[in-house]
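J.: This is coords-v3.pdb, which holds PDB, C-alpha atoms, pLDDT in the B column:
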ATOM      1  CA  MET A   1     -12.538   0.652  -8.402  1.00 65.00           C
ATOM      2  CA  ALA A   2     -10.064   2.029 -10.919  1.00 79.00           C
ATOM      3  CA  VAL A   3      -6.619   0.636 -11.635  1.00 83.00           C
ATOM      4  CA  GLN A   4      -3.917   3.310 -11.393  1.00 77.00           C
ATOM      5  CA  THR A   5      -0.530   2.717 -13.030  1.00 76.00           C
ATOM      6  CA  ALA A   6       2.726   3.421 -11.212  1.00 79.00           C
ATOM      7  CA  PHE A   7       5.537   1.903 -13.236  1.00 68.00           C
ATOM      8  CA  GLY A   8       9.024   2.464 -11.862  1.00 63.00           C
ATOM      9  CA  GLY A   9      11.374   4.180 -14.224  1.00 59.00           C
ATOM     10  CA  ASP A  10      14.987   4.509 -15.178  1.00 60.00           C
ATOM     11  CA  ARG A  11      15.367   8.019 -13.812  1.00 60.00           C
ATOM     12  CA  PHE A  12      12.223   8.888 -11.892  1.00 64.00           C
ATOM     13  CA  PRO A  13       9.835   7.086  -9.583  1.00 76.00           C
ATOM     14  CA  ASN A  14       6.165   7.043 -10.438  1.00 88.00           C
ATOM     15  CA  SER A  15       3.321   7.328  -7.962  1.00 90.00           C
ATOM     16  CA  ALA A  16      -0.398   6.670  -7.738  1.00 92.00           C
ATOM     17  CA  ARG A  17      -3.136   7.217  -5.183  1.00 94.00           C
ATOM     18  CA  LEU A  18      -4.907   4.201  -3.669  1.00 96.00           C
ATOM     19  CA  SER A  19      -7.289   6.157  -1.429  1.00 97.00           C
ATOM     20  CA  ILE A  20      -8.199   9.786  -0.846  1.00 96.00           C
ATOM     21  CA  ALA A  21     -10.074  10.623   2.342  1.00 97.00           C
ATOM     22  CA  GLN A  22     -11.466   7.079   2.483  1.00 98.00           C
ATOM     23  CA  ALA A  23     -13.294   6.078   5.640  1.00 97.00           C
ATOM     24  CA  GLY A  24     -14.952   2.837   6.659  1.00 97.00           C
ATOM     25  CA  ASN A  25     -14.064  -0.790   6.020  1.00 98.00           C
ATOM     26  CA  GLY A  26     -13.283  -2.501   2.718  1.00 98.00           C
ATOM     27  CA  VAL A  27     -10.686  -2.355  -0.029  1.00 98.00           C
ATOM     28  CA  SER A  28      -8.979   0.821  -1.162  1.00 98.00           C
ATOM     29  CA  THR A  29     -10.808   2.926  -3.724  1.00 96.00           C
ATOM     30  CA  HIS A  30      -8.149   2.146  -6.324  1.00 96.00           C
ATOM     31  CA  THR A  31      -5.738  -0.664  -7.144  1.00 96.00           C
ATOM     32  CA  VAL A  32      -2.247   0.100  -8.401  1.00 94.00           C
ATOM     33  CA  ASP A  33      -0.524  -1.696 -11.281  1.00 92.00           C
ATOM     34  CA  ARG A  34       3.255  -1.521 -10.980  1.00 88.00           C
ATOM     35  CA  GLY A  35       3.756  -3.403 -14.222  1.00 85.00           C
ATOM     36  CA  ALA A  36       5.622  -6.607 -14.794  1.00 81.00           C
ATOM     37  CA  ALA A  37       8.892  -5.292 -13.343  1.00 74.00           C
ATOM     38  CA  THR A  38       8.610  -6.946  -9.927  1.00 80.00           C
ATOM     39  CA  GLU A  39      12.243  -6.191  -9.072  1.00 82.00           C
ATOM     40  CA  ARG A  40      11.337  -2.581  -8.289  1.00 85.00           C
ATOM     41  CA  PRO A  41      10.821  -1.494  -4.673  1.00 90.00           C
ATOM     42  CA  ALA A  42       7.962   0.763  -3.671  1.00 93.00           C
ATOM     43  CA  LEU A  43       7.038   3.048  -0.797  1.00 95.00           C
ATOM     44  CA  LEU A  44       3.534   3.158   0.628  1.00 97.00           C
ATOM     45  CA  THR A  45       2.565   6.403   2.401  1.00 98.00           C
ATOM     46  CA  ILE A  46      -0.492   6.320   4.663  1.00 98.00           C
ATOM     47  CA  THR A  47      -1.805   9.631   5.960  1.00 98.00           C
ATOM     48  CA  THR A  48      -4.593   9.510   8.526  1.00 98.00           C
ATOM     49  CA  THR A  49      -6.969  11.963  10.108  1.00 97.00           C
ATOM     50  CA  VAL A  50      -8.881  10.767  13.116  1.00 97.00           C
ATOM     51  CA  GLY A  51     -11.940  11.373  15.275  1.00 94.00           C
ATOM     52  CA  ALA A  52     -12.765  10.097  18.736  1.00 94.00           C
ATOM     53  CA  THR A  53     -11.345   6.689  19.775  1.00 94.00           C
ATOM     54  CA  PRO A  54      -9.620   6.014  16.437  1.00 97.00           C
ATOM     55  CA  THR A  55      -8.352   2.671  15.207  1.00 97.00           C
ATOM     56  CA  CYS A  56      -7.931   1.061  11.807  1.00 98.00           C
ATOM     57  CA  THR A  57      -6.376  -2.243  10.736  1.00 98.00           C
ATOM     58  CA  TYR A  58      -4.497  -2.376   7.437  1.00 98.00           C
ATOM     59  CA  LEU A  59      -3.729  -5.363   5.245  1.00 98.00           C
ATOM     60  CA  ILE A  60      -1.457  -4.743   2.262  1.00 98.00           C
ATOM     61  CA  GLU A  61      -2.413  -7.154  -0.513  1.00 98.00           C
ATOM     62  CA  GLY A  62      -0.682  -8.093  -3.739  1.00 96.00           C
ATOM     63  CA  SER A  63      -1.911  -9.953  -6.804  1.00 96.00           C
ATOM     64  CA  ALA A  64      -0.340 -11.307  -9.969  1.00 94.00           C
ATOM     65  CA  ASP A  65      -3.554 -11.009 -11.994  1.00 94.00           C
ATOM     66  CA  GLY A  66      -5.764  -8.496 -10.151  1.00 94.00           C
ATOM     67  CA  THR A  67      -8.160 -11.278  -9.096  1.00 95.00           C
ATOM     68  CA  ALA A  68      -6.480 -13.532  -6.520  1.00 97.00           C
ATOM     69  CA  TRP A  69      -5.069 -11.538  -3.564  1.00 98.00           C
ATOM     70  CA  TRP A  70      -2.610 -12.418  -0.780  1.00 97.00           C
ATOM     71  CA  PRO A  71      -0.723 -10.481   1.933  1.00 97.00           C
ATOM     72  CA  ALA A  72       2.199  -8.592   0.377  1.00 96.00           C
ATOM     73  CA  ALA A  73       5.556  -8.403   2.160  1.00 95.00           C
ATOM     74  CA  TYR A  74       6.440  -4.999   3.563  1.00 97.00           C
ATOM     75  CA  ALA A  75       8.940  -3.575   6.025  1.00 97.00           C
ATOM     76  CA  ASP A  76       8.826  -0.727   8.477  1.00 95.00           C
ATOM     77  CA  PRO A  77      11.454   1.947   7.672  1.00 95.00           C
ATOM     78  CA  ALA A  78      12.908   1.476  11.171  1.00 95.00           C
ATOM     79  CA  THR A  79      13.662  -2.191  10.357  1.00 95.00           C
ATOM     80  CA  PRO A  80      13.957  -2.291   6.552  1.00 94.00           C
ATOM     81  CA  GLU A  81      15.424  -5.787   6.365  1.00 93.00           C
ATOM     82  CA  THR A  82      12.704  -7.382   8.493  1.00 95.00           C
ATOM     83  CA  PRO A  83       9.771  -8.259   6.242  1.00 95.00           C
ATOM     84  CA  ALA A  84       6.258  -8.773   7.552  1.00 97.00           C
ATOM     85  CA  VAL A  85       2.936  -9.741   6.003  1.00 97.00           C
ATOM     86  CA  ALA A  86       0.678  -9.372   9.043  1.00 98.00           C
ATOM     87  CA  PRO A  87      -1.999  -6.681   9.256  1.00 98.00           C
ATOM     88  CA  PHE A  88      -1.067  -3.654  11.364  1.00 98.00           C
ATOM     89  CA  ASP A  89      -3.065  -1.053  13.288  1.00 98.00           C
ATOM     90  CA  LEU A  90      -2.909   2.735  13.386  1.00 97.00           C
ATOM     91  CA  THR A  91      -4.555   4.662  16.201  1.00 97.00           C
ATOM     92  CA  THR A  92      -3.331   8.242  15.756  1.00 97.00           C
ATOM     93  CA  ALA A  93      -3.356  10.966  13.137  1.00 97.00           C
ATOM     94  CA  GLY A  94      -0.209  11.328  11.071  1.00 98.00           C
ATOM     95  CA  THR A  95       1.798   9.811   8.255  1.00 98.00           C
ATOM     96  CA  VAL A  96       3.451   6.396   8.250  1.00 98.00           C
ATOM     97  CA  HIS A  97       5.464   4.609   5.600  1.00 98.00           C
ATOM     98  CA  ARG A  98       5.759   0.966   4.643  1.00 98.00           C
ATOM     99  CA  MET A  99       8.502  -0.229   2.313  1.00 97.00           C
ATOM    100  CA  LEU A 100       7.352  -2.770  -0.267  1.00 95.00           C
ATOM    101  CA  ARG A 101      10.192  -5.090  -0.982  1.00 87.00           C
ATOM    102  CA  PRO A 102      11.426  -5.867  -4.490  1.00 87.00           C
ATOM    103  CA  GLY A 103      11.453  -9.344  -5.970  1.00 88.00           C
ATOM    104  CA  HIS A 104       8.001 -10.379  -4.773  1.00 89.00           C
ATOM    105  CA  PRO A 105       5.606 -11.544  -7.492  1.00 88.00           C
ATOM    106  CA  TRP A 106       2.806  -9.015  -7.219  1.00 92.00           C
ATOM    107  CA  ARG A 107       1.858  -6.755 -10.088  1.00 93.00           C
ATOM    108  CA  TYR A 108      -1.264  -5.249  -8.504  1.00 95.00           C
ATOM    109  CA  LEU A 109      -1.531  -3.801  -5.012  1.00 96.00           C
ATOM    110  CA  ARG A 110      -4.421  -2.684  -2.798  1.00 97.00           C
ATOM    111  CA  LEU A 111      -5.156  -2.142   0.890  1.00 97.00           C
ATOM    112  CA  THR A 112      -7.977  -3.618   2.899  1.00 98.00           C
ATOM    113  CA  TYR A 113      -9.225  -1.528   5.819  1.00 98.00           C
ATOM    114  CA  SER A 114     -10.990  -3.265   8.709  1.00 98.00           C
ATOM    115  CA  ALA A 115     -12.066  -2.510  12.279  1.00 98.00           C
ATOM    116  CA  ASN A 116     -12.096   1.140  11.202  1.00 98.00           C
ATOM    117  CA  THR A 117     -13.452   3.475  13.831  1.00 97.00           C
ATOM    118  CA  ALA A 118     -13.133   7.203  13.094  1.00 97.00           C
ATOM    119  CA  VAL A 119     -10.069   6.995  10.790  1.00 98.00           C
ATOM    120  CA  THR A 120      -9.934   8.622   7.345  1.00 98.00           C
ATOM    121  CA  ASN A 121      -7.161   7.372   5.053  1.00 98.00           C
ATOM    122  CA  THR A 122      -5.259   8.905   2.161  1.00 98.00           C
ATOM    123  CA  VAL A 123      -2.760   6.449   0.697  1.00 98.00           C
ATOM    124  CA  ASP A 124      -0.134   6.876  -2.034  1.00 96.00           C
ATOM    125  CA  ILE A 125       2.368   4.464  -3.509  1.00 95.00           C
ATOM    126  CA  THR A 126       5.639   5.406  -5.168  1.00 93.00           C
ATOM    127  CA  VAL A 127       7.355   2.785  -7.329  1.00 89.00           C
ATOM    128  CA  PHE A 128      11.079   3.259  -7.969  1.00 86.00           C
TER
END
As a first step, turn the structure in this file into structure tokens.

T.:
Amino acid sequence: MAVQTAFGGDRFPNSARLSIAQAGNGVSTHTVDRGAATERPALLTITTTVGATPTCTYLIEGSADGTAWWPAAYADPATPETPAVAPFDLTTAGTVHRMLRPGHPWRYLRLTYSANTAVTNTVDITVF
């Protein structure tokens, strides 16, 4: 697993890829390092392709040191001021977004895929 950097910037956001066409269960192929500036928000983009009877459960995890992991707070764009930390499921092909809230003490971020049946994931993060 490689660590990709995606430091937010003064004028431009920076992005990194966590997974590209990743199937199966386990952690994302890559971990992202957003740097020490935890006040920056980020946007997670999950694009799925699916086969027969698709389902996949996603857990967004943050870490201060890249070793100890915990559920990271995110919000759905439809309810941006309602944070959640629970895993969520996707069962169709398409693209979904999760907003990663600023001010939470994670430097590193990864996804854990579980209960994956016939879902292939490509995931990007953009840090602002």

J.: How many Å separate atom CA of A:Thr29 from atom CA of A:Pro77?

T.: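 Distance between the two atoms: 25.0 Å.
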
J.: Pick from A:Thr5, A:Ser28, A:Thr57, A:Ser15: nearest to A:Asn116, with all atoms listed in the file counted?

T.: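 Of A:Thr5, A:Ser28, A:Thr57, A:Ser15, the one nearest A:Asn116 is A:Thr57, counting all atoms listed in the file.
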
J.: Would you translate the PyMOL selection byres ((chain A and resi 89) around 12) into the concrete set of residues it matches in this file, as a VMD selection string?

T.: chain A and resid 46 48 54 to 60 86 to 88 90 to 92 96 112 to 117 119

J.: I need the residue nearest A:Ala37 from this list: A:Glu81, A:Ala16, A:Thr95, A:Ala64. Use all atoms listed in the file for the distance.

T.: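 For A:Ala37, the nearest of the given residues is A:Ala64.
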
J.: Report the distance between atom CA of A:Gly103 and atom CA of A:Val27 in Å, rounded to one decimal place.

T.: 24.0 Å

J.: Return as a ChimeraX atom specification the set of residues that the PyMOL selection byres ((chain A and resi 104-107) around 10) yields on the displayed structure.

T.: /A:7,32-41,61-66,69-73,100-103,108-109

J.: Give me a file of those residues, with C-alpha atoms, as a PDB file, in the coordinates of the input.

T.:
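Output (again-v2.pdb):
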ATOM      1  CA  PHE A   7       5.537   1.903 -13.236  1.00 68.00           C
ATOM      2  CA  VAL A  32      -2.247   0.100  -8.401  1.00 94.00           C
ATOM      3  CA  ASP A  33      -0.524  -1.696 -11.281  1.00 92.00           C
ATOM      4  CA  ARG A  34       3.255  -1.521 -10.980  1.00 88.00           C
ATOM      5  CA  GLY A  35       3.756  -3.403 -14.222  1.00 85.00           C
ATOM      6  CA  ALA A  36       5.622  -6.607 -14.794  1.00 81.00           C
ATOM      7  CA  ALA A  37       8.892  -5.292 -13.343  1.00 74.00           C
ATOM      8  CA  THR A  38       8.610  -6.946  -9.927  1.00 80.00           C
ATOM      9  CA  GLU A  39      12.243  -6.191  -9.072  1.00 82.00           C
ATOM     10  CA  ARG A  40      11.337  -2.581  -8.289  1.00 85.00           C
ATOM     11  CA  PRO A  41      10.821  -1.494  -4.673  1.00 90.00           C
ATOM     12  CA  GLU A  61      -2.413  -7.154  -0.513  1.00 98.00           C
ATOM     13  CA  GLY A  62      -0.682  -8.093  -3.739  1.00 96.00           C
ATOM     14  CA  SER A  63      -1.911  -9.953  -6.804  1.00 96.00           C
ATOM     15  CA  ALA A  64      -0.340 -11.307  -9.969  1.00 94.00           C
ATOM     16  CA  ASP A  65      -3.554 -11.009 -11.994  1.00 94.00           C
ATOM     17  CA  GLY A  66      -5.764  -8.496 -10.151  1.00 94.00           C
ATOM     18  CA  TRP A  69      -5.069 -11.538  -3.564  1.00 98.00           C
ATOM     19  CA  TRP A  70      -2.610 -12.418  -0.780  1.00 97.00           C
ATOM     20  CA  PRO A  71      -0.723 -10.481   1.933  1.00 97.00           C
ATOM     21  CA  ALA A  72       2.199  -8.592   0.377  1.00 96.00           C
ATOM     22  CA  ALA A  73       5.556  -8.403   2.160  1.00 95.00           C
ATOM     23  CA  LEU A 100       7.352  -2.770  -0.267  1.00 95.00           C
ATOM     24  CA  ARG A 101      10.192  -5.090  -0.982  1.00 87.00           C
ATOM     25  CA  PRO A 102      11.426  -5.867  -4.490  1.00 87.00           C
ATOM     26  CA  GLY A 103      11.453  -9.344  -5.970  1.00 88.00           C
ATOM     27  CA  TYR A 108      -1.264  -5.249  -8.504  1.00 95.00           C
ATOM     28  CA  LEU A 109      -1.531  -3.801  -5.012  1.00 96.00           C
TER      29      LEU A 109
END

J.: Which residue out of A:Arg110, A:Ala23, A:Arg98, A:Pro83 has the minimum interatomic distance to A:Gly51 when all atoms listed in the file are used?

T.: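 Closest to A:Gly51 of all the choices is A:Ala23.
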
J.: Distance table requested - stretch 1-97 of chain A against stretch 120-125 of chain A, cut-off 7 Å, only C-alpha atoms: one row per qualifying residue with the closest atom pair and its distance in Å to one decimal, ordered by chain and rising residue number, as JSON lines.

T.:
{"residue": "A:Ser15", "atom": "CA", "partner": "A:Ile125", "partner_atom": "CA", "distance": 5.4}
{"residue": "A:Ala16", "atom": "CA", "partner": "A:Ile125", "partner_atom": "CA", "distance": 5.5}
{"residue": "A:Arg17", "atom": "CA", "partner": "A:Asp124", "partner_atom": "CA", "distance": 4.4}
{"residue": "A:Leu18", "atom": "CA", "partner": "A:Val123", "partner_atom": "CA", "distance": 5.4}
{"residue": "A:Ser19", "atom": "CA", "partner": "A:Thr122", "partner_atom": "CA", "distance": 5.0}
{"residue": "A:Ile20", "atom": "CA", "partner": "A:Thr122", "partner_atom": "CA", "distance": 4.3}
{"residue": "A:Ala21", "atom": "CA", "partner": "A:Thr122", "partner_atom": "CA", "distance": 5.1}
{"residue": "A:Gln22", "atom": "CA", "partner": "A:Asn121", "partner_atom": "CA", "distance": 5.0}
{"residue": "A:Ala23", "atom": "CA", "partner": "A:Thr120", "partner_atom": "CA", "distance": 4.5}
{"residue": "A:Ala42", "atom": "CA", "partner": "A:Ile125", "partner_atom": "CA", "distance": 6.7}
{"residue": "A:Leu43", "atom": "CA", "partner": "A:Ile125", "partner_atom": "CA", "distance": 5.6}
{"residue": "A:Leu44", "atom": "CA", "partner": "A:Ile125", "partner_atom": "CA", "distance": 4.5}
{"residue": "A:Thr45", "atom": "CA", "partner": "A:Asp124", "partner_atom": "CA", "distance": 5.2}
{"residue": "A:Ile46", "atom": "CA", "partner": "A:Val123", "partner_atom": "CA", "distance": 4.6}
{"residue": "A:Thr47", "atom": "CA", "partner": "A:Thr122", "partner_atom": "CA", "distance": 5.2}
{"residue": "A:Thr48", "atom": "CA", "partner": "A:Asn121", "partner_atom": "CA", "distance": 4.8}
{"residue": "A:Thr49", "atom": "CA", "partner": "A:Thr120", "partner_atom": "CA", "distance": 5.3}
{"residue": "A:Val50", "atom": "CA", "partner": "A:Thr120", "partner_atom": "CA", "distance": 6.2}

J.: For a test of reading the model, state the distance in Å between atom CA of A:Leu111 and atom CA of A:Thr53, rounded to one decimal.

T.: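 Calculated distance between atom CA of A:Leu111 and atom CA of A:Thr53 is 21.7 Å.
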
J.: Of the candidates A:Thr126, A:Thr67, A:Gln4, A:Thr82, which one gets nearest to A:His30 if we count all atoms listed in the file?

T.: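 When distances to A:His30 are compared using all atoms listed in the file, the smallest one comes from A:Gln4.
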
J.: For A:Val3, which residue out of A:Pro80, A:His97, A:Thr31, A:Phe128 is the nearest one, using only C-alpha atoms?

T.: A:Thr31
